[in-house]
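**Student:** Take a look at input-v1.cif, mmCIF, C-alpha atoms:
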```
data_query
loop_
_atom_site.label_atom_id
_atom_site.label_comp_id
_atom_site.auth_asym_id
_atom_site.auth_seq_id
_atom_site.Cartn_x
_atom_site.Cartn_y
_atom_site.Cartn_z
CA MET A 1 -3.27 20.73 -1.82
CA ILE A 2 -3.93 23.68 0.51
CA ALA A 3 -7.55 24.78 0.99
CA HIS A 4 -9.45 26.30 3.91
CA SER A 5 -6.06 26.79 5.64
CA ILE A 6 -5.67 22.99 5.73
CA GLU A 7 -3.23 20.73 3.92
CA PHE A 8 -5.22 18.04 2.12
CA PHE A 9 -2.51 15.40 1.77
CA ASN A 10 -2.96 12.77 -0.95
CA VAL A 11 -5.99 14.63 -2.26
CA ALA A 12 -5.80 15.56 -5.94
CA GLU A 13 -9.14 17.35 -6.26
CA LEU A 14 -11.75 18.89 -4.00
CA ARG A 15 -15.08 19.17 -5.84
CA ASP A 16 -18.11 20.48 -3.98
CA GLY A 17 -16.30 19.38 -0.85
CA VAL A 18 -15.79 15.78 -2.08
CA LEU A 19 -12.21 14.55 -1.74
CA TYR A 20 -10.61 12.68 -4.65
CA ARG A 21 -7.25 10.88 -4.58
CA PHE A 22 -6.99 11.04 -8.38
CA PRO A 23 -8.30 13.80 -10.65
CA LEU A 24 -11.68 12.83 -12.07
CA SER A 25 -10.29 13.30 -15.58
CA VAL A 26 -7.80 10.51 -14.84
CA CYS A 27 -10.45 8.30 -13.23
CA ASP A 28 -12.66 8.59 -16.30
CA ALA A 29 -9.77 7.64 -18.62
CA LEU A 30 -8.84 4.38 -16.90
CA GLN A 31 -9.27 1.33 -19.11
CA VAL A 32 -7.49 -1.85 -20.16
CA PRO A 33 -8.37 -4.56 -22.71
CA GLU A 34 -9.50 -7.97 -21.45
CA TYR A 35 -8.70 -11.25 -23.21
CA ASP A 36 -9.75 -14.88 -22.83
CA ALA A 37 -7.33 -17.74 -22.10
CA ASN A 38 -6.54 -18.05 -25.81
CA GLY A 39 -5.63 -14.40 -26.19
CA LYS A 40 -8.88 -13.39 -27.93
CA PHE A 41 -10.04 -9.85 -27.16
CA LEU A 42 -13.20 -9.77 -25.06
CA ARG A 43 -13.91 -6.22 -23.91
CA ILE A 44 -12.52 -3.01 -22.47
CA TYR A 45 -12.38 -3.19 -18.69
CA THR A 46 -13.11 -0.05 -16.65
CA GLY A 47 -13.99 -1.51 -13.25
CA HIS A 48 -10.96 0.01 -11.59
CA ARG A 49 -12.37 3.51 -11.98
CA ALA A 50 -14.25 2.96 -8.71
CA SER A 51 -10.95 2.24 -6.94
CA ALA A 52 -9.50 5.47 -8.26
CA ARG A 53 -12.49 7.44 -6.97
CA ALA A 54 -12.24 5.90 -3.50
CA LEU A 55 -10.29 7.73 -0.82
CA TYR A 56 -7.36 5.96 0.77
CA GLY A 57 -4.39 7.27 2.71
CA ALA A 58 -5.66 10.85 2.64
CA GLU A 59 -4.99 13.19 5.54
CA LEU A 60 -6.16 16.62 6.62
CA ARG A 61 -3.22 18.33 8.31
CA PHE A 62 -3.37 21.58 10.25
CA VAL A 63 -2.15 23.41 13.35
CA THR A 64 -4.34 25.27 15.84
CA GLU A 65 -3.97 26.55 19.38
CA ALA A 66 -7.45 25.25 20.21
CA LYS A 67 -7.58 22.35 22.64
CA ARG A 68 -10.89 21.09 21.28
CA LEU A 69 -12.33 20.91 17.78
CA ALA A 70 -15.06 19.26 15.74
CA PHE A 71 -14.42 17.66 12.37
CA CYS A 72 -17.52 17.63 10.16
CA MET A 73 -18.00 15.45 7.06
CA GLU A 74 -20.64 13.61 5.07
CA ALA A 75 -20.29 10.29 3.26
CA ASP A 76 -22.46 7.81 1.37
CA GLY A 77 -20.65 4.85 2.93
CA PRO A 78 -18.68 3.94 6.07
CA VAL A 79 -15.43 5.83 6.64
CA SER A 80 -12.45 4.96 8.84
CA LEU A 81 -10.98 7.98 10.60
CA THR A 82 -7.86 8.23 12.73
CA ALA A 83 -6.74 11.42 14.44
CA TYR A 84 -3.15 12.10 15.44
CA ASN A 85 -1.23 14.80 17.26
CA GLY A 86 1.95 14.49 15.23
CA ASP A 87 2.77 10.77 15.34
CA TYR A 88 0.82 10.26 18.55
CA GLN A 89 -2.53 8.59 17.90
CA ASN A 90 -5.35 10.56 19.46
CA ALA A 91 -8.52 8.68 18.48
CA TYR A 92 -9.99 6.17 16.04
CA TYR A 93 -13.54 6.12 14.75
CA VAL A 94 -15.64 4.39 12.08
CA ALA A 95 -18.28 6.79 10.79
CA ALA A 96 -21.58 5.43 9.48
CA PRO A 97 -23.00 6.76 6.20
CA GLY A 98 -24.47 10.22 6.51
CA LYS A 99 -23.28 13.32 8.32
CA THR A 100 -20.66 13.03 11.05
CA GLU A 101 -19.45 15.50 13.64
CA TRP A 102 -16.35 14.08 15.33
CA ASN A 103 -15.37 15.89 18.52
CA LEU A 104 -11.67 15.77 19.30
CA GLU A 105 -9.61 17.01 22.21
CA ARG A 106 -5.88 17.51 22.46
CA HIS A 107 -4.72 15.56 25.52
CA ALA A 108 -2.91 17.58 28.16
CA ALA A 109 -0.10 15.02 28.25
CA VAL A 110 0.80 15.78 24.63
CA GLU A 111 1.55 19.41 25.48
CA GLY A 112 4.75 18.41 27.25
CA VAL A 113 6.18 16.22 24.49
CA LYS A 114 9.76 17.29 23.79
CA ARG A 115 11.20 17.64 20.32
CA GLU A 116 13.46 14.61 20.78
CA ALA A 117 10.34 12.54 21.56
CA GLU A 118 8.78 13.44 18.20
CA SER A 119 9.27 11.42 15.04
CA ARG A 120 8.11 12.50 11.59
CA PHE A 121 5.70 15.23 12.61
CA SER A 122 5.62 17.98 15.17
CA SER A 123 3.16 17.02 17.90
CA LYS A 124 1.45 20.36 17.23
CA VAL A 125 0.18 19.07 13.89
CA TRP A 126 -3.32 17.63 13.84
CA ARG A 127 -3.65 14.82 11.29
CA ILE A 128 -7.03 13.34 10.43
CA SER A 129 -6.62 10.24 8.27
CA LEU A 130 -9.54 9.21 6.06
CA SER A 131 -10.22 6.01 4.14
CA GLY A 132 -13.44 4.81 2.52
CA ASP A 133 -14.82 3.25 -0.66
CA CYS A 134 -17.33 6.05 -1.04
CA ASN A 135 -17.79 9.75 -1.64
CA ILE A 136 -16.46 11.68 1.35
CA ARG A 137 -17.48 15.32 1.56
CA PHE A 138 -15.55 17.71 3.79
CA ILE A 139 -17.88 20.15 5.56
CA GLY A 140 -15.56 21.96 7.92
CA ILE A 141 -13.55 22.12 11.14
CA CYS A 142 -14.90 24.11 14.09
CA THR A 143 -12.35 25.06 16.74
CA GLU A 144 -12.94 26.01 20.35
CA GLY A 145 -13.22 29.78 20.64
CA ASN A 146 -13.01 30.04 16.82
CA ALA A 147 -9.24 29.69 17.07
CA GLU A 148 -7.43 30.06 13.76
CA ILE A 149 -5.97 27.11 11.92
CA ARG A 150 -3.07 27.01 9.50
CA PRO A 151 -1.33 24.42 7.32
CA PRO A 152 1.79 22.79 8.80
CA ARG A 153 5.14 24.40 8.04
CA ALA A 154 7.82 22.45 6.20
CA ASP A 155 9.76 21.89 9.43
CA GLU A 156 6.69 20.32 11.06
CA GLU A 157 6.37 17.48 8.53
CA PRO A 158 8.61 14.81 6.99
CA ARG A 159 11.08 16.28 4.54
CA PHE A 160 11.17 13.23 2.26
CA ARG A 161 8.21 11.98 0.23
CA LEU A 162 7.95 8.58 -1.46
CA LEU A 163 5.36 8.26 -4.22
CA ALA A 164 3.90 4.74 -4.44
CA TYR A 165 1.94 3.15 -7.28
CA GLY A 166 0.87 -0.46 -7.43
CA SER A 167 -1.91 -2.97 -6.83
CA SER A 168 -4.34 -3.60 -3.97
CA ILE A 169 -1.41 -5.07 -2.03
CA SER A 170 0.26 -1.67 -1.93
CA GLN A 171 -3.01 0.19 -1.46
CA GLY A 172 -3.32 -1.80 1.74
CA ILE A 173 -6.08 -4.34 1.15
CA GLY A 174 -5.90 -6.96 3.87
CA ALA A 175 -4.98 -4.48 6.59
CA PRO A 176 -8.17 -3.98 8.64
CA TYR A 177 -6.68 -0.77 10.00
CA SER A 178 -5.35 1.22 7.04
CA PRO A 179 -2.60 3.17 8.87
CA LEU A 180 -0.88 -0.18 9.50
CA ASN A 181 -0.56 -1.29 5.88
CA TYR A 182 2.98 -2.11 4.82
CA LEU A 183 3.71 1.22 3.16
CA ASN A 184 2.54 3.25 6.15
CA THR A 185 4.47 0.99 8.51
CA ALA A 186 7.61 1.48 6.45
CA ALA A 187 7.08 5.25 6.32
CA GLN A 188 6.98 5.42 10.11
CA LEU A 189 10.19 3.39 10.40
CA LEU A 190 11.97 5.42 7.71
CA GLY A 191 10.74 8.79 8.96
CA ILE A 192 9.23 9.72 5.59
CA ASP A 193 5.87 10.56 4.00
CA ILE A 194 4.05 8.09 1.72
CA LEU A 195 1.95 9.43 -1.14
CA ASN A 196 -0.03 6.24 -1.76
CA LYS A 197 -1.49 6.15 -5.27
CA ALA A 198 -1.85 2.37 -5.50
CA LEU A 199 -5.08 1.16 -7.10
CA ALA A 200 -6.91 -1.96 -5.92
CA GLY A 201 -7.50 -4.11 -8.99
CA GLY A 202 -6.35 -1.27 -11.19
CA CYS A 203 -2.58 -0.95 -11.62
CA PHE A 204 -2.75 -0.98 -15.41
CA CYS A 205 -0.27 1.82 -16.11
CA GLU A 206 -2.46 3.96 -18.37
CA LYS A 207 -0.77 6.94 -20.01
CA GLU A 208 -3.14 9.30 -18.21
CA THR A 209 -2.19 7.75 -14.87
CA ILE A 210 1.52 7.94 -15.65
CA ASP A 211 1.32 11.59 -16.69
CA TYR A 212 -0.61 12.47 -13.54
CA LEU A 213 1.80 10.63 -11.23
CA CYS A 214 4.82 12.20 -12.88
CA GLY A 215 3.28 15.61 -12.19
CA GLU A 216 3.17 14.99 -8.44
CA SER A 217 5.77 16.31 -6.00
CA PHE A 218 8.00 13.53 -4.65
CA ASP A 219 11.62 12.70 -3.81
CA ALA A 220 11.66 9.04 -4.85
CA ALA A 221 9.14 6.61 -6.32
CA TYR A 222 8.13 3.03 -5.63
CA LEU A 223 6.44 1.04 -8.40
CA GLU A 224 4.75 -2.36 -7.87
CA PRO A 225 3.22 -3.03 -11.31
CA GLY A 226 3.53 -6.80 -11.64
CA THR A 227 0.24 -8.18 -10.31
CA ASN A 228 -2.92 -6.73 -11.89
CA ILE A 229 -1.64 -6.70 -15.45
CA ALA A 230 0.01 -10.13 -15.27
CA ASP A 231 -2.80 -12.01 -17.06
CA ARG A 232 -2.67 -9.73 -20.11
CA PRO A 233 -0.74 -10.60 -23.30
CA ALA A 234 3.00 -9.97 -23.24
CA GLU A 235 2.78 -7.06 -25.68
CA ILE A 236 0.30 -5.23 -23.41
CA ILE A 237 2.58 -5.76 -20.42
CA GLU A 238 5.61 -4.56 -22.35
CA GLU A 239 3.80 -1.47 -23.60
CA ARG A 240 2.26 -0.44 -20.31
CA VAL A 241 4.75 -1.56 -17.66
CA GLY A 242 7.62 -0.59 -19.92
CA GLY A 243 6.03 2.81 -20.46
CA LEU A 244 5.60 3.32 -16.72
CA ILE A 245 9.21 2.52 -15.90
CA SER A 246 10.57 4.51 -18.84
CA ALA A 247 8.53 7.58 -17.94
CA PHE A 248 9.70 7.70 -14.33
CA CYS A 249 13.32 6.88 -15.06
CA THR A 250 13.77 9.28 -17.97
CA ARG A 251 11.77 12.19 -16.55
CA PHE A 252 13.46 11.95 -13.15
CA PRO A 253 17.05 10.81 -13.78
CA ASP A 254 18.22 12.29 -10.46
CA LYS A 255 15.59 10.49 -8.37
CA THR A 256 15.72 6.89 -7.17
CA ILE A 257 13.00 4.72 -8.68
CA PHE A 258 12.34 1.55 -6.68
CA ILE A 259 10.67 -1.19 -8.74
CA ALA A 260 9.33 -4.43 -7.29
CA THR A 261 8.94 -7.74 -9.07
CA PRO A 262 5.64 -9.55 -8.34
CA ILE A 263 4.99 -10.03 -4.64
CA ARG A 264 4.68 -13.62 -3.46
CA GLY A 265 1.17 -15.07 -3.72
CA LEU A 266 -1.33 -17.39 -5.46
CA SER A 267 0.47 -20.33 -7.15
CA ASP A 268 3.76 -19.28 -5.54
CA VAL A 269 2.22 -20.62 -2.34
CA SER A 270 -0.79 -22.86 -3.01
CA ALA A 271 -1.50 -25.61 -5.53
CA THR A 272 -5.22 -24.77 -5.41
CA ALA A 273 -4.86 -21.01 -5.94
CA SER A 274 -4.98 -19.39 -9.39
CA ASP A 275 -2.02 -20.55 -11.46
CA TYR A 276 -0.04 -17.38 -12.07
CA ARG A 277 3.36 -18.95 -12.72
CA GLU A 278 3.42 -17.94 -16.38
CA ASN A 279 1.70 -14.62 -15.69
CA TYR A 280 4.17 -13.60 -12.99
CA ALA A 281 7.04 -14.74 -15.20
CA LYS A 282 5.86 -12.35 -17.92
CA THR A 283 5.70 -9.30 -15.69
CA ARG A 284 8.92 -10.24 -13.87
CA HIS A 285 10.73 -10.43 -17.21
CA VAL A 286 9.50 -7.02 -18.35
CA ILE A 287 10.22 -5.37 -14.99
CA CYS A 288 13.74 -6.77 -14.78
CA SER A 289 14.55 -6.00 -18.42
CA GLU A 290 13.30 -2.42 -18.21
CA ALA A 291 14.92 -1.73 -14.84
CA LYS A 292 18.35 -2.70 -16.20
CA LYS A 293 18.17 0.09 -18.78
CA TYR A 294 18.37 2.91 -16.24
CA ALA A 295 21.01 3.91 -13.71
CA ASN A 296 18.51 5.36 -11.25
CA THR A 297 16.51 2.18 -10.64
CA VAL A 298 16.67 -0.10 -7.61
CA LEU A 299 15.14 -3.50 -8.37
CA LEU A 300 13.38 -5.07 -5.37
CA ASP A 301 12.60 -8.77 -5.11
CA GLY A 302 8.88 -9.03 -4.37
CA HIS A 303 9.42 -12.35 -2.60
CA GLN A 304 11.71 -10.55 -0.14
CA ILE A 305 9.08 -7.88 0.53
CA LEU A 306 6.71 -10.69 1.57
CA LYS A 307 9.20 -13.24 2.86
CA ASN A 308 6.93 -15.87 4.39
CA PRO A 309 3.78 -17.40 2.87
CA TYR A 310 1.89 -17.21 6.17
CA TYR A 311 2.00 -13.41 5.92
CA LEU A 312 -0.89 -13.81 3.46
CA SER A 313 -4.63 -13.85 4.05
CA ALA A 314 -6.71 -16.90 3.16
CA ASP A 315 -7.15 -15.66 -0.43
CA ILE A 316 -3.39 -16.34 -0.81
CA LEU A 317 -2.99 -12.96 -2.50
CA HIS A 318 -3.40 -10.10 -0.04
CA PRO A 319 -1.29 -9.77 3.09
CA SER A 320 -2.96 -10.31 6.45
CA ASP A 321 -2.92 -7.68 9.19
CA PHE A 322 0.23 -9.21 10.67
CA GLY A 323 1.62 -9.71 7.17
CA HIS A 324 1.33 -6.02 6.35
CA VAL A 325 3.24 -5.06 9.50
CA ARG A 326 6.00 -7.60 8.86
CA MET A 327 6.23 -6.50 5.23
CA GLY A 328 6.56 -2.91 6.40
CA PHE A 329 9.61 -3.76 8.49
CA ASP A 330 11.23 -5.74 5.67
CA PHE A 331 10.38 -3.15 3.03
CA ALA A 332 11.82 -0.37 5.19
CA ALA A 333 15.04 -2.35 5.66
CA MET A 334 15.34 -2.76 1.88
CA LEU A 335 14.92 0.97 1.23
CA ALA A 336 16.93 2.39 4.13
CA PRO A 337 20.44 2.01 2.60
CA HIS A 338 19.33 3.81 -0.56
CA LEU A 339 17.72 6.66 1.37
CA ASN A 340 20.66 7.09 3.75
CA VAL A 341 18.43 6.83 6.80
CA THR A 342 18.55 4.83 10.02
CA LEU A 343 15.37 2.98 10.89
CA LYS A 344 13.52 4.56 13.78
#
```
Can I see the file as structure tokens?

**Tutor:**
Amino acid sequence: MIAHSIEFFNVAELRDGVLYRFPLSVCDALQVPEYDANGKFLRIYTGHRASARALYGAELRFVTEAKRLAFCMEADGPVSLTAYNGDYQNAYYVAAPGKTEWNLERHAAVEGVKREAESRFSSKVWRISLSGDCNIRFIGICTEGNAEIRPPRADEEPRFRLLAYGSSISQGIGAPYSPLNYLNTAAQLLGIDILNKALAGGCFCEKETIDYLCGESFDAAYLEPGTNIADRPAEIIEERVGGLISAFCTRFPDKTIFIATPIRGLSDVSATASDYRENYAKTRHVICSEAKKYANTVLLDGHQILKNPYYLSADILHPSDFGHVRMGFDFAAMLAPHLNVTLK
């Protein structure tokens, strides 16, 4: 999205200045039935709507000749912000709830960076990364001397975009510093952009979500649908996960669709964690069966994405900080041959 001469990356809507990763119409449609251990219907679950409203992996991208600028925002919760000049990290800040004016300066040393020393982005591109489980309202950017700003050109950004949809693991839960989750780590190594639409506790493959994701601009897709929905009845898994895979593979026959089986965790690792052996078997069966139907799928073994149990946090579900980084390297190595790229 381009607004105010800024590229709002991974922002679907801008309402009264508030940034949303998913359209509110999609957020309000999210729901999935809940059942007890005997398969009896209990209720309709909508708790993942909050995850969809939260901002994660969003960036404001722009170019200006100004050496100094102030980024102004308001939030009703804490927000993690990271500023970059291209791929060079400039500053990191955790904003408290309320209004924030973040003063940034382009370091003189960055001015002399040569093109061969750049990676995915031109060092002229300012990137302000935002993540927070709250409403984040963009107020404005003030530049020194009122210098103009503009969105980055195509040759100043990665030319390849991977759309990702999955659980909290793929959203990046467990990484205390969001730019180092496994998808962002892999993107840096592969030299690509990641459009992260994973939903913590909410990868339930609703039709509204599928239609929205299929309307996004991307070059390949990565789907990790085997965790959140695993404790639902087999027919729900078949309908929803099957519908997700079918939609991507049939609507985009010329694009590679990477699909992961459940990532290692819980009873795969610990005898005292939740017993998900049957649950994971259900989703693994559906994912493998559906993936075989289409020529444009690449099936990824989730246990090879997270190779070692000690990459997990103490909940034996989410990767640790180190685990996310290691997963990023392994995930990048799995994708690289299919993207015809050399790891950076």

**Student:** Around (8.7, 10.0, 15.2) in the file's frame, which residues reach within 8 Å when counting all atoms listed in the file? Return as a ChimeraX atom specification?

**Tutor:** /A:87,117-121,188,191,344

**Student:** Considering only C-alpha atoms, can you say which of A:Asp275, A:Asp16, A:Glu216, A:Glu206 comes closest to Val241 (chain A)?

**Tutor:**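 Once distances to Val241 (chain A) are computed over only C-alpha atoms, the minimum belongs to A:Glu206.
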
**Student:** Please evaluate the PyMOL selection byres ((chain A and resi 327-332) around 10) against the structure above and give the resulting residues as a VMD selection string.

**Tutor:** chain A and resid 180 to 191 300 302 304 to 308 311 319 322 to 326 333 to 337 339 341 to 343

**Student:** Just say which residues the PyMOL selection byres ((chain A and resi 159) around 10) picks in this file, as a list in words.

**Tutor:** Arg120, Phe121, Ala154, Asp155, Glu156, Glu157, Pro158, Phe160, Arg161, Gly191, Ile192, Asp193 and Asp219 of chain A

**Student:** Find, counting all atoms listed in the file, the residue in A:Gln89, A:Leu69, A:Pro23, A:Ile141 that gets nearest to Gly215 (chain A).

**Tutor:**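 For Gly215 (chain A), the nearest of the candidates is A:Pro23.
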
**Student:** Would you save region 121-168 of chain A from the block above with C-alpha atoms, as a compact mmCIF listing (two decimals), in the first residue's frame?

**Tutor:**
```
# COMPACT_ATOMS: atom_id res chain seq x y z
CA PHE A 121 17.58 -3.12 -0.25
CA SER A 122 19.32 0.00 -1.42
CA SER A 123 20.95 1.66 1.58
CA LYS A 124 19.02 4.81 0.61
CA VAL A 125 15.76 3.18 1.68
CA TRP A 126 14.57 3.93 5.19
CA ARG A 127 12.68 0.99 6.71
CA ILE A 128 10.82 1.33 9.99
CA SER A 129 9.64 -2.08 11.21
CA LEU A 130 6.67 -2.18 13.59
CA SER A 131 5.28 -4.98 15.74
CA GLY A 132 2.76 -4.81 18.57
CA ASP A 133 -0.36 -6.52 19.93
CA CYS A 134 -2.24 -3.25 19.96
CA ASN A 135 -3.66 -0.47 17.82
CA ILE A 136 -0.80 1.46 16.22
CA ARG A 137 -1.72 4.82 14.71
CA PHE A 138 0.60 6.47 12.21
CA ILE A 139 0.78 10.23 12.75
CA GLY A 140 3.50 11.30 10.36
CA ILE A 141 7.16 11.64 9.42
CA CYS A 142 8.87 15.02 9.76
CA THR A 143 12.10 15.43 7.80
CA GLU A 144 14.91 17.89 8.38
CA GLY A 145 14.34 20.98 6.25
CA ASN A 146 10.97 19.55 5.15
CA ALA A 147 12.78 17.39 2.62
CA GLU A 148 10.49 15.39 0.35
CA ILE A 149 9.99 11.68 0.76
CA ARG A 150 9.02 9.11 -1.83
CA PRO A 151 8.27 5.37 -1.92
CA PRO A 152 11.16 3.09 -2.91
CA ARG A 153 11.54 2.22 -6.59
CA ALA A 154 11.35 -1.40 -7.73
CA ASP A 155 15.13 -1.56 -8.15
CA GLU A 156 15.64 -0.46 -4.54
CA GLU A 157 13.78 -3.42 -3.01
CA PRO A 158 13.81 -7.22 -3.29
CA ARG A 159 12.35 -8.40 -6.57
CA PHE A 160 10.92 -11.65 -5.17
CA ARG A 161 8.14 -11.82 -2.58
CA LEU A 162 7.16 -14.90 -0.57
CA LEU A 163 3.70 -14.87 1.00
CA ALA A 164 3.58 -16.82 4.27
CA TYR A 165 0.54 -18.11 6.16
CA GLY A 166 0.65 -20.30 9.23
CA SER A 167 0.53 -20.47 13.00
CA SER A 168 2.23 -18.52 15.80
```
